[in-house]
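Please read the structure below before turning to the comments.
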Protein chains: 2
Amino acid sequence: MADFRYSQFCALARAAEVVGERWTLLILRELLLGAKRFSDLRERLDGISASVLSKRLARLQGRGLVTARTLEPPLAATVYELSDTGRALAPTLHHLLRWGARFLRPGRPRERVEADWLRLALAACGRRTPTPARSILLRIRGQRGEFLLRVTGGAGGTTVTDRLEPAEATVVADPQTVMGLMTGALSAQAALREGRVRVEGDPAALEAFPALFEIGGTGESSPD
Amino acid sequence: MADFRYSQFCALARAAEVVGERWTLLILRELLLGAKRFSDLRERLDGISASVLSKRLARLQGRGLVTARTLEPPLAATVYELSDTGRALAPTLHHLLRWGARFLRPGRPRERVEADWLRLALAACGRRTPTPARSILLRIRGQRGEFLLRVTGGAGGTTVTDRLEPAEATVVADPQTVMGLMTGALSAQAALREGRVRVEGDPAALEAFPALFEIGGTGESSPD
DNA sequence: CCGCATCCGTTTCGATACTG
DNA sequence: CAGTATCGAAACGGATGCGG
């Protein structure tokens, strides 16, 4: 394994050596969402081979981003989790996600969607500046069942949780539609007209939804 | 060129498809530092092959991060530069650089260093919160000559320029030493003791130098 | 010269099979 | 379940060539 991929004394090149290999960012995304076993990772990173996953985990452990922990004898399993160094990448991943959101639509045939990923995206793209004091329950219908998220605007910005308290409105849509509304690629009117979304409760909540989010600065200077 | 590298409806996966290939982050770094020609990029990205650089540039243009512009007939040359979408990645690259700074030291034999990279690193790692009102001129001695940077602390945080106004002190060191001091991996005392740094002017400036910078959150929650 | 396209040896990846 | 072994396919790195 060529450990020195670039020969440059530059912090960005160093970072690229650690997280710039295929699959690595997605492995970190999964571990950011919680500790996981080898086979959990394989299942969610649909398409990664066992040998590549093994190499990636070994490298991430070697660089100190990931630690392996063996559970107590009853469940003799190894789980991988982020170390402090790995968790320190979270702000970077959020920024990258916000920037990448512009490429999300259109969706592609047979693409996988996980509830976790949507929650991560909504959380990462929520505005940090004061947003309309709305509370919206999202009922997201994927291929494999449906799940709920709760989005709240306020003076402290937008927050996203999976606690299911009551809200002003419930918005029912599939993942592609939710992300289209969030990124602004799809207007509320168009989504309603095409029957891609249904609102229960205050219809104005849907109109306000896009204002709760923003994607990576197309011009506005983000704080940092 | 398999354009769909992952089959996941996730903004981070989309971003990884665009910037997650070998060399791409470093190409973006170079273009962030200014528009460049094909051969300029090849020269600075020591080791990249022409065919790979060509493919990367084509992909980046296809995705809208980079534009090619042909100069007027006298200098019939093509320069590549970042588009708004490409420049929108700047905050992400700064975050990633700050995180990667922890891996900078120790330097490796025969590693290349460019003045631009140091300037980028110092700018990216400068604290955003108020810092001591110091002004320090860095005289950095690389293999190929030396160059100067000016670091200023203040209520608005740390700023780094290449304008050579007078300062309280001049710090003379090689790039590895400067980065060691910046990341905190090398203490001012140790650097002085080993003769790796020389100070002209107020000696206290060197002691204050590390306080002007911070690298990617090992615990402190960065604003975003 | 500059911006590639082409050829070719080496490395990495992906799919499957196999082992403790 | 958690990986290692193997092997064909794809990507990469280096050299060369060619049109503008």
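Residues in the structure tokens are numbered from 1 in each chain, the chains being A, B, ... in the order shown, and ligands are numbered from 1 in the order shown.
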
- Task: Could you find all residues in segment 2-221 of chain B that DSSP calls helix (DSSP H, G or I) from the backbone, and write them as a ChimeraX atom specification?
- Result: /B:11-19,24-32,38-44,50-62,73-75,84-87,90-103,115-125,175-183,188-193,204-212

Expected file contents, prior selection, C-alpha atoms, as a compact mmCIF listing (two decimals), in the first residue's frame:
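Produced file out_19.txt, reproduced below:
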```txt
# COMPACT_ATOMS: atom_id res chain seq x y z
CA ALA B 11 -25.52 14.78 -1.20
CA LEU B 12 -22.25 13.64 0.32
CA ALA B 13 -22.01 10.79 -2.16
CA ARG B 14 -22.67 13.27 -4.97
CA ALA B 15 -19.89 15.51 -3.70
CA ALA B 16 -17.57 12.52 -3.43
CA GLU B 17 -18.25 11.67 -7.05
CA VAL B 18 -17.12 15.14 -8.10
CA VAL B 19 -14.16 15.82 -5.83
CA THR B 24 -9.01 16.51 -7.90
CA LEU B 25 -8.73 18.26 -4.55
CA LEU B 26 -5.23 19.38 -5.39
CA ILE B 27 -6.32 20.69 -8.78
CA LEU B 28 -8.98 22.72 -7.02
CA ARG B 29 -6.43 23.98 -4.54
CA GLU B 30 -4.24 25.24 -7.36
CA LEU B 31 -7.12 26.93 -9.13
CA LEU B 32 -8.26 28.46 -5.87
CA PHE B 38 -2.56 23.03 -18.30
CA SER B 39 1.20 22.93 -18.07
CA ASP B 40 1.26 25.12 -14.97
CA LEU B 41 -0.98 22.62 -13.27
CA ARG B 42 1.16 19.72 -14.42
CA GLU B 43 4.25 21.37 -13.09
CA ARG B 44 2.78 22.09 -9.66
CA ALA B 50 -1.17 14.42 -18.72
CA SER B 51 -3.99 12.04 -19.50
CA VAL B 52 -5.30 12.05 -15.93
CA LEU B 53 -5.10 15.83 -15.67
CA SER B 54 -6.96 16.07 -18.94
CA LYS B 55 -9.71 13.78 -17.70
CA ARG B 56 -10.01 15.61 -14.39
CA LEU B 57 -10.30 18.98 -16.05
CA ALA B 58 -12.91 17.66 -18.45
CA ARG B 59 -14.95 16.25 -15.57
CA LEU B 60 -14.65 19.43 -13.56
CA GLN B 61 -15.78 21.45 -16.54
CA GLY B 62 -18.60 19.03 -17.16
CA PRO B 73 -4.25 35.70 -29.96
CA PRO B 74 -0.91 37.22 -28.84
CA LEU B 75 -0.84 34.69 -25.99
CA ASP B 84 -18.87 30.21 -8.88
CA THR B 85 -19.74 26.61 -8.14
CA GLY B 86 -16.05 25.81 -7.82
CA ARG B 87 -15.36 28.80 -5.63
CA ALA B 90 -13.55 27.26 -0.74
CA PRO B 91 -15.01 27.07 2.80
CA THR B 92 -15.01 23.30 2.59
CA LEU B 93 -11.40 23.24 1.46
CA HIS B 94 -10.44 25.56 4.30
CA HIS B 95 -12.10 23.27 6.81
CA LEU B 96 -10.45 20.23 5.30
CA LEU B 97 -7.08 21.94 5.32
CA ARG B 98 -7.44 22.87 8.99
CA TRP B 99 -8.28 19.31 9.78
CA GLY B 100 -5.42 17.96 7.69
CA ALA B 101 -2.86 20.23 9.35
CA ARG B 102 -2.48 17.71 12.15
CA PHE B 103 -0.86 15.31 9.69
CA ALA B 115 4.84 29.58 -0.99
CA ASP B 116 1.20 29.59 -2.07
CA TRP B 117 0.46 26.53 -0.02
CA LEU B 118 1.89 28.03 3.12
CA ARG B 119 -0.06 31.19 2.60
CA LEU B 120 -3.23 29.18 2.07
CA ALA B 121 -2.57 27.13 5.19
CA LEU B 122 -1.84 30.13 7.40
CA ALA B 123 -4.92 31.92 6.08
CA ALA B 124 -7.14 28.88 6.56
CA CYS B 125 -5.87 28.17 10.06
CA PRO B 175 8.46 25.90 6.01
CA GLN B 176 8.44 22.82 8.23
CA THR B 177 9.27 24.88 11.27
CA VAL B 178 6.64 27.49 10.49
CA MET B 179 3.97 24.83 10.14
CA GLY B 180 5.16 23.11 13.29
CA LEU B 181 4.78 26.35 15.21
CA MET B 182 1.40 27.04 13.64
CA THR B 183 -0.07 23.63 14.44
CA ALA B 188 8.70 28.15 20.34
CA GLN B 189 11.28 27.18 22.96
CA ALA B 190 12.14 23.92 21.24
CA ALA B 191 12.45 25.64 17.87
CA LEU B 192 14.76 28.27 19.34
CA ARG B 193 16.80 25.73 21.22
CA ALA B 204 7.70 37.79 22.63
CA ALA B 205 6.13 37.81 19.17
CA LEU B 206 7.31 34.26 18.55
CA GLU B 207 5.77 33.08 21.81
CA ALA B 208 2.46 34.61 20.77
CA PHE B 209 2.55 33.16 17.28
CA PRO B 210 0.76 29.83 17.96
CA ALA B 211 -2.09 31.66 19.68
CA LEU B 212 -2.97 33.26 16.35
```

Hey, could you make a per-residue contact list for chain D against chain A with 12 Å as the cut-off, showing the nearest pair of atoms and its distance in Å to one decimal, counting only C-alpha atoms (C1' of nucleotides), sorted by chain and number, as a Markdown table?
```
| residue | atom | partner | partner_atom | distance |
| --- | --- | --- | --- | --- |
| D:DC1 | C1' | A:Ser39 | CA | 7.6 |
| D:DA2 | C1' | A:Phe38 | CA | 6.9 |
| D:DG3 | C1' | A:Ser54 | CA | 7.3 |
| D:DT4 | C1' | A:Ser51 | CA | 7.7 |
| D:DA5 | C1' | A:Ser51 | CA | 9.6 |
| D:DT6 | C1' | A:Ser51 | CA | 11.3 |
| D:DA11 | C1' | A:Arg22 | CA | 11.9 |
| D:DC12 | C1' | A:Arg5 | CA | 12.0 |
```

Just to be explicit: take each residue in the selection above, keep C-alpha atoms (C1' of nucleotides), and write the result as a PDB file, in the first residue's frame.
```
ATOM      1  C1'  DC D   1     -19.681 -12.859  11.091  1.00  0.00           C
ATOM      2  C1'  DA D   2     -15.202 -10.902   9.936  1.00  0.00           C
ATOM      3  C1'  DG D   3     -12.382 -10.833   7.233  1.00  0.00           C
ATOM      4  C1'  DT D   4      -8.375 -13.006   3.490  1.00  0.00           C
ATOM      5  C1'  DA D   5      -7.327 -14.971  -1.323  1.00  0.00           C
ATOM      6  C1'  DT D   6      -7.748 -14.856  -5.982  1.00  0.00           C
ATOM      7  C1'  DA D  11      -7.624   3.155 -13.473  1.00  0.00           C
ATOM      8  C1'  DC D  12      -3.177   5.170 -12.981  1.00  0.00           C
TER       9       DC D  12
END
```

- Query: Contacts of DA15 of chain D at 10 Å or less, counting only C-alpha atoms (C1' of nucleotides), minus same-chain residues fewer than 2 places along, as a PyMOL selection string?
  - Reply: (chain C and resi 7-8) or (chain D and resi 13+17)

| said: Tell me as a PyMOL selection string which residues belonging to chain C come within 10 Å of chain B, counting only C-alpha atoms (C1' of nucleotides). | reply: chain C and resi 2-6

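From atom CA of Pro166 of chain A back to atom CA of Val199 of chain A, the distance works out to 14.3 Å.
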
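With distances restricted to only C-alpha atoms, A:Gly20 is the closest residue to chain B from A:Gly142, A:Pro130, A:Gly20, A:Pro109.
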
Applying 10 Å and only C-alpha atoms (C1' of nucleotides), which residues near DT16 of chain C remain after dropping the ones on its own chain fewer than 2 positions away? List them as number ranges by chain. C: 14, 18; D: 6-7

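One distance worth recording is that between atom CA of Arg163 of chain B and atom CA of Val197 of chain B, which is 21.7 Å.
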
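Nearest residue to chain B among A:Arg150, A:Arg139, A:Arg196, A:Arg110 is A:Arg110, counting only C-alpha atoms.
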
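Separating atom CA of Val171 of chain B from atom CA of Ser7 of chain A is a distance of 26.3 Å.
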
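Among the candidate residues A:Gly153, A:Gly145, A:Gly216, A:Pro106, the one lying nearest to chain B is A:Gly216, with distances computed using only C-alpha atoms.
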
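Closest approach to chain A among B:Thr129, B:Gln8, B:Thr67, B:Ser135: B:Gln8, based on only C-alpha atoms.
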
When DSSP is applied to the backbone of this structure, which of segment 101-203 of chain A are assigned strand (DSSP E or B)? Write them out as a ChimeraX atom specification. /A:112,126,135-141,146-152,159-161,169-173,197-201

Produce a file of the selected residues containing C-alpha atoms, as a compact mmCIF listing (two decimals), in the first residue's frame.
```txt
# COMPACT_ATOMS: atom_id res chain seq x y z
CA ARG A 112 -30.56 3.75 -2.71
CA GLY A 126 -30.49 23.84 7.95
CA SER A 135 -42.68 23.30 12.82
CA ILE A 136 -43.15 20.74 10.12
CA LEU A 137 -43.44 17.01 10.32
CA LEU A 138 -42.01 15.25 7.27
CA ARG A 139 -43.52 11.91 6.37
CA ILE A 140 -41.07 10.52 3.88
CA ARG A 141 -42.10 7.57 1.78
CA GLU A 146 -41.71 5.34 5.49
CA PHE A 147 -40.23 7.38 8.30
CA LEU A 148 -40.76 10.70 10.01
CA LEU A 149 -38.61 13.71 10.72
CA ARG A 150 -39.46 16.93 12.47
CA VAL A 151 -38.13 20.25 11.21
CA THR A 152 -38.28 23.36 13.36
CA THR A 159 -33.17 22.11 13.80
CA VAL A 160 -34.00 18.60 12.66
CA THR A 161 -34.90 15.75 14.97
CA ALA A 169 -48.34 20.69 9.34
CA THR A 170 -47.38 17.29 8.03
CA VAL A 171 -45.73 17.12 4.63
CA VAL A 172 -45.93 13.78 2.84
CA ALA A 173 -43.50 13.19 -0.02
CA VAL A 197 -46.41 16.25 -2.17
CA ARG A 198 -49.39 16.33 0.13
CA VAL A 199 -49.86 18.68 3.08
CA GLU A 200 -51.94 17.99 6.16
CA GLY A 201 -52.46 21.07 8.28
```

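Within 8 Å of Ser83 of chain B, once only C-alpha atoms (C1' of nucleotides) are used and residues closer than 5 positions along the same chain are dropped, the contacting residues are Gly64, Leu65, Val66 and Thr67 of chain B.
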
I need the chosen residues saved as a short mmCIF file (atom, residue, chain, number, x, y, z; two decimals), in the first residue's frame, with N, CA and C atoms.
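The resulting file, again_20.cif, is reproduced below:
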```cif
data_model
loop_
_atom_site.label_atom_id
_atom_site.label_comp_id
_atom_site.auth_asym_id
_atom_site.auth_seq_id
_atom_site.Cartn_x
_atom_site.Cartn_y
_atom_site.Cartn_z
N GLY B 64 -19.26 21.76 -13.98
CA GLY B 64 -19.47 23.18 -13.80
C GLY B 64 -18.61 23.83 -12.73
N LEU B 65 -17.55 23.15 -12.28
CA LEU B 65 -16.70 23.77 -11.25
C LEU B 65 -15.61 24.62 -11.87
N VAL B 66 -15.26 24.30 -13.10
CA VAL B 66 -14.11 24.94 -13.74
C VAL B 66 -14.52 25.39 -15.13
N THR B 67 -14.00 26.53 -15.54
CA THR B 67 -14.22 27.00 -16.91
C THR B 67 -12.87 27.17 -17.58
#
```
